[in-house]
Amino acid sequence: MASTGPPQSLKRSDTSLTREGDQLIITPLGAGNEVGRSCVYMSYKGKTILFDCGIHPAYSGMAALPYFDEIDPSTIDVLLVTHFHLDHAASLPYFLEKTTFKGRVFMTHATKAIYKLLLSDYVKVSKVSVEDMLYDEQDILRSMDKIEVIDFHQTLEVNGIRFWCYTAGHVLGAAMFMVDIAGVRVLYTGDYSREEDRHLRAAEIPQFSPDICIIESTYGVQLHQPRNVREKRFTDVIHSTISQGGRVLIPAFALGRAQELLLILDEYWSNHPELHNIPIYYASPLAKRCMAVYQTYINSMNERIRNQFANSNPFDFKHISPLKSIENFNDVGPSVVMASPSGLQSGLSRQLFEMWCSDKKNACVIPGYVVEGTLAKTIINEPKEVTLMNGLTAPLNMQVHYISFSAHADFAQTSTFLKELMPPNIILVHGEANEMGRLKQKLITQFADRNTKIISPKNCQSVEMYFNSEKMAKTIGRLAEKTPEVGETVSGLLVKKAFTYQIMAPDDLHVFSQLSTANISQRITIAYSGAFGVLKHRLKQMFESVESLPDEESEGPAFCVHERLTVKYESEKHISLHWRSDPISDMVSDSVVALVLNISREIPKVVVESEEATKTEEEKNKKAEKVIHALLVSLFGDVKFGENGKLVISVDGNVAHLDKQSGNVESENEGLKERVRVAFQRIQNAVKPIPLSVS
């Protein structure tokens, strides 16, 4: 069952729902009916996860952040970042250094390497005041220490949350994360592409069908042109513009699509000698360092580029030069410049655009998806004028071409991907509201016969789902060697780790878990000044098995109770109890200790007296009566003196009358009558004169 609710705070509260343990909540804190600031919150079984932590490229300062105030960052267990693009990773330093977050952060090796370069550049080119800066270079460096890396297909577990990742295509190091909490699987695609390009592999299809798929919907129902058609349009526009003496600006991310387009341009220039005198510039402060990272992770790319690398470095471009800043640029004659950022909101690409936008011979080729609110999105509609960074306006005479090389899935890829996965619940994120709405309707039609739930929540709108939480325990080790018969009892230790339950033999505990078994030997010394033989005699009245131990084995007088507990004579004033701890032995030891303490308190001391001091028979009888009365009180509780010297014993509303002389018992309750008779008989046996030696 799935439902969407109005925006609500996701901070942990004490209120409990009837099925709170089975309730899974997914809430976009960004990228809900928008492209930008990807950040999706998920909570299930008391575990919380955050997918991605980006900024919105069209905004600056705090307005660019996801809605972090809707959550309590200190409750997040794991934060998973899919790739290095700003709209997926650029608020990470802020979240790690400026909030109460204390969980763990994971991304792939390549993502971590490029993350630092890209965010350092973002801080430098951001046109905001120091007060509006979200973080500085030091915050980025500190965040690097907290980021942990994960390999593709490596399974990790943090606090009961299991997760692993698949190749997502899109950009170098991009990953799709599969998360498993208590058997419920959630796939978060991030940005992905099922099409292999010149250097990247296509996104993988996970081998497990998830219960929920959180999937991007950037291109909605649009279909990409075939790659060869797009490449021809791209090179034709550039060749045509240069032939007319114009300049070509290609605004692109410093990393990602830029490398793909540079490969295309370098190959095209190699095949056209007439263009060799026309310079191509890769205008980014990160140019050289970016190329070094790409060369380092060449084995993460597709087979085509790896085979090429065996002969020569495909990223060692013959016709492309780096350009660090506008001051180093000699703007004379036709040229091609690829500059960041892709949205033309600031930096080198914006500076070059303002220099060239008024000349109709020039062209701007926008090669990827553009976010609402950016200048790049504005000029696609070809307005007559544009506003410059200084606030003035300038005519837009240059040609604007939108040729998408964006490595996002189109409708054909999304549809095929979901048909292969067949998730029962689909949540759409990372798409403009209109495109997402059209995609949702088309998917509803496509999956109409499969009862698939398709939801497109807005920012801060929670999706609530309920999953049955049946607990299943699996037998492992020697217990699993033989299939038990129906009705047969399986005995072992139940071990719970996070949300998995296993039954195993005690001897297998150290093999299949990080636990181990140990034997605890316990010893207690008790003050006891009575005769050792008296104690043994009394214990025989209580326990069936009380056996003496040989002196050479026990180093002195001792006996064993129930083959579990050893009672040793230590001195005239002390005895000791020894046993190996387990529930039954502990219970036996408790009862022996209680008996010893009772004897010490209630039974008169038995001492050897001289014949001259022998007491009269009458005194002996009085003492015996006191002992009998005390022991009956310890056994039955309510014991009073009645008429004719009889004792009145009351237990749970039942009454028994005991004649101390004859031992006869009168009671309407046969059970109580028999208990009193047997107890009185044993007490009489216990108080008879016995040998006083300790043996």
# chains A, B, ... in the order shown; residues from 1 in each chain; ligands from 1

call {"tool": "closest_atom_pairs", "arguments": {"of": "stretch 189-297 of chain A", "to": "stretch 64-88 of chain A", "cutoff": "12 Å", "atoms": "only C-alpha atoms", "output": "CSV"}}
result
residue,atom,partner,partner_atom,distance
A:Thr189,CA,A:Thr82,CA,8.0
A:Gly190,CA,A:Thr82,CA,5.9
A:Asp191,CA,A:Thr82,CA,7.8
A:Tyr192,CA,A:Thr82,CA,9.6
A:Ala252,CA,A:His85,CA,11.6
A:Phe253,CA,A:His85,CA,8.2
A:Ala254,CA,A:His85,CA,9.7
A:Leu255,CA,A:His85,CA,8.3
A:Gly256,CA,A:His85,CA,8.3
A:Arg257,CA,A:His85,CA,10.9

call {"tool": "select_by_dssp", "arguments": {"residues": "stretch 254-374 of chain A", "states": "alpha helix (DSSP H)", "output": "ChimeraX atom specification"}}
result
/A:257-271,287-296,303-311,347-356

call {"tool": "atom_distance", "arguments": {"atom1": "atom CA of A:Phe309", "atom2": "atom CA of A:Lys324"}}
result
26.2 Å

call {"tool": "residues_around", "arguments": {"residues": "A:Ile305", "least_positions_apart": "3", "cutoff": "6 Å", "atoms": "only C-alpha atoms", "output": "compact mmCIF listing (two decimals) with N, CA and C atoms, in the first residue's frame"}}
result
# COMPACT_ATOMS: atom_id res chain seq x y z
N HIS A 199 33.12 6.81 -24.42
CA HIS A 199 34.05 6.42 -23.35
C HIS A 199 33.39 5.74 -22.15
N ASN A 302 34.60 2.12 -21.01
CA ASN A 302 34.16 0.99 -21.84
C ASN A 302 35.33 0.34 -22.57
N GLN A 308 41.78 1.47 -27.07
CA GLN A 308 42.48 2.64 -27.62
C GLN A 308 43.67 3.03 -26.74

call {"tool": "select_by_dssp", "arguments": {"residues": "stretch 317-431 of chain A", "states": "strand (DSSP E)", "output": "ChimeraX atom specification"}}
result
/A:320-323,335-339,363-366,385-387,393-395,399-402,425-429

call {"tool": "residues_around", "arguments": {"residues": "A:Leu262", "least_positions_apart": "2", "cutoff": "9 Å", "atoms": "only C-alpha atoms", "output": "compact mmCIF listing (two decimals) with N, CA and C atoms, in the first residue's frame"}}
result
# COMPACT_ATOMS: atom_id res chain seq x y z
N ARG A 257 30.19 15.42 -19.74
CA ARG A 257 29.95 15.53 -21.18
C ARG A 257 31.15 16.17 -21.89
N ALA A 258 31.88 17.03 -21.19
CA ALA A 258 33.02 17.71 -21.81
C ALA A 258 33.99 16.71 -22.43
N GLN A 259 34.33 15.65 -21.70
CA GLN A 259 35.28 14.65 -22.20
C GLN A 259 34.73 13.93 -23.44
N GLU A 260 33.45 13.66 -23.45
CA GLU A 260 32.82 13.02 -24.60
C GLU A 260 32.90 13.92 -25.83
N ILE A 264 35.01 13.70 -29.60
CA ILE A 264 34.39 13.89 -30.92
C ILE A 264 35.14 14.95 -31.72
N LEU A 265 35.43 16.09 -31.07
CA LEU A 265 36.09 17.20 -31.76
C LEU A 265 37.50 16.82 -32.20
N ASP A 266 38.24 16.15 -31.33
CA ASP A 266 39.63 15.80 -31.65
C ASP A 266 39.66 14.84 -32.84
N GLU A 267 38.75 13.90 -32.88
CA GLU A 267 38.68 12.96 -34.00
C GLU A 267 38.29 13.69 -35.29
N TYR A 282 39.91 24.07 -24.34
CA TYR A 282 39.13 23.49 -23.23
C TYR A 282 39.32 24.47 -22.08
N PHE A 315 42.93 10.54 -24.23
CA PHE A 315 42.69 11.85 -23.62
C PHE A 315 43.89 12.79 -23.75
N PHE A 317 44.89 14.89 -26.14
CA PHE A 317 44.33 15.45 -27.38
C PHE A 317 45.40 16.17 -28.21
N ILE A 320 43.60 20.06 -29.15
CA ILE A 320 42.88 20.81 -28.10
C ILE A 320 43.88 21.32 -27.07
N MET A 338 35.30 25.32 -25.41
CA MET A 338 34.40 24.61 -24.49
C MET A 338 34.69 25.13 -23.09

call {"tool": "atom_distance", "arguments": {"atom1": "atom CA of A:Leu392", "atom2": "atom CA of A:Gly347"}}
result
17.7 Å

call {"tool": "closest_atom_pairs", "arguments": {"of": "stretch 168-238 of chain A", "to": "stretch 114-133 of chain A", "cutoff": "12 Å", "atoms": "only C-alpha atoms", "output": "JSON lines"}}
result
{"residue": "A:Val171", "atom": "CA", "partner": "A:Ile114", "partner_atom": "CA", "distance": 10.8}
{"residue": "A:Leu172", "atom": "CA", "partner": "A:Ile114", "partner_atom": "CA", "distance": 9.1}
{"residue": "A:Gly173", "atom": "CA", "partner": "A:Ile114", "partner_atom": "CA", "distance": 9.0}
{"residue": "A:Ala174", "atom": "CA", "partner": "A:Ile114", "partner_atom": "CA", "distance": 11.1}

call {"tool": "write_last_selection", "arguments": {"atoms": "C-alpha atoms", "output": "compact mmCIF listing (two decimals), in the first residue's frame"}}
result
# COMPACT_ATOMS: atom_id res chain seq x y z
CA VAL A 171 29.54 10.21 -16.06
CA LEU A 172 32.73 8.58 -14.86
CA GLY A 173 32.13 6.90 -11.47
CA ALA A 174 28.32 7.35 -11.52

call {"tool": "closest_residue", "arguments": {"among": "A:Pro457, A:Pro273, A:Gly160, A:Gly246", "to": "A:Ser358", "atoms": "only C-alpha atoms"}}
result
A:Gly246

call {"tool": "residues_around", "arguments": {"residues": "A:Val237", "least_positions_apart": "4", "cutoff": "9 Å", "atoms": "only C-alpha atoms", "output": "PyMOL selection string"}}
result
chain A and resi 232-233+241-242+248+363+365+401

call {"tool": "closest_atom_pairs", "arguments": {"of": "stretch 269-363 of chain A", "to": "stretch 40-63 of chain A", "cutoff": "12 Å", "atoms": "only C-alpha atoms", "output": "JSON lines"}}
result
{"residue": "A:Pro341", "atom": "CA", "partner": "A:Pro57", "partner_atom": "CA", "distance": 9.6}
{"residue": "A:Ser342", "atom": "CA", "partner": "A:Pro57", "partner_atom": "CA", "distance": 9.7}
{"residue": "A:Gly343", "atom": "CA", "partner": "A:Pro57", "partner_atom": "CA", "distance": 7.6}
{"residue": "A:Leu344", "atom": "CA", "partner": "A:Ala58", "partner_atom": "CA", "distance": 10.1}
{"residue": "A:Gln345", "atom": "CA", "partner": "A:Ala58", "partner_atom": "CA", "distance": 7.7}
{"residue": "A:Ser346", "atom": "CA", "partner": "A:Pro57", "partner_atom": "CA", "distance": 10.5}

call {"tool": "closest_residue", "arguments": {"among": "A:Val633, A:His510, A:Ala656, A:Lys646", "to": "A:Ile683", "atoms": "only C-alpha atoms"}}
result
A:Val633

call {"tool": "closest_residue", "arguments": {"among": "A:Met355, A:Asp316, A:Gln522, A:Thr475", "to": "A:Ser585", "atoms": "only C-alpha atoms"}}
result
A:Gln522

call {"tool": "closest_residue", "arguments": {"among": "A:Ile326, A:Ile215, A:Leu200, A:Met472", "to": "A:Thr500", "atoms": "only C-alpha atoms"}}
result
A:Met472

call {"tool": "atom_distance", "arguments": {"atom1": "atom CA of A:Lys626", "atom2": "atom CA of A:Gly663"}}
result
15.9 Å
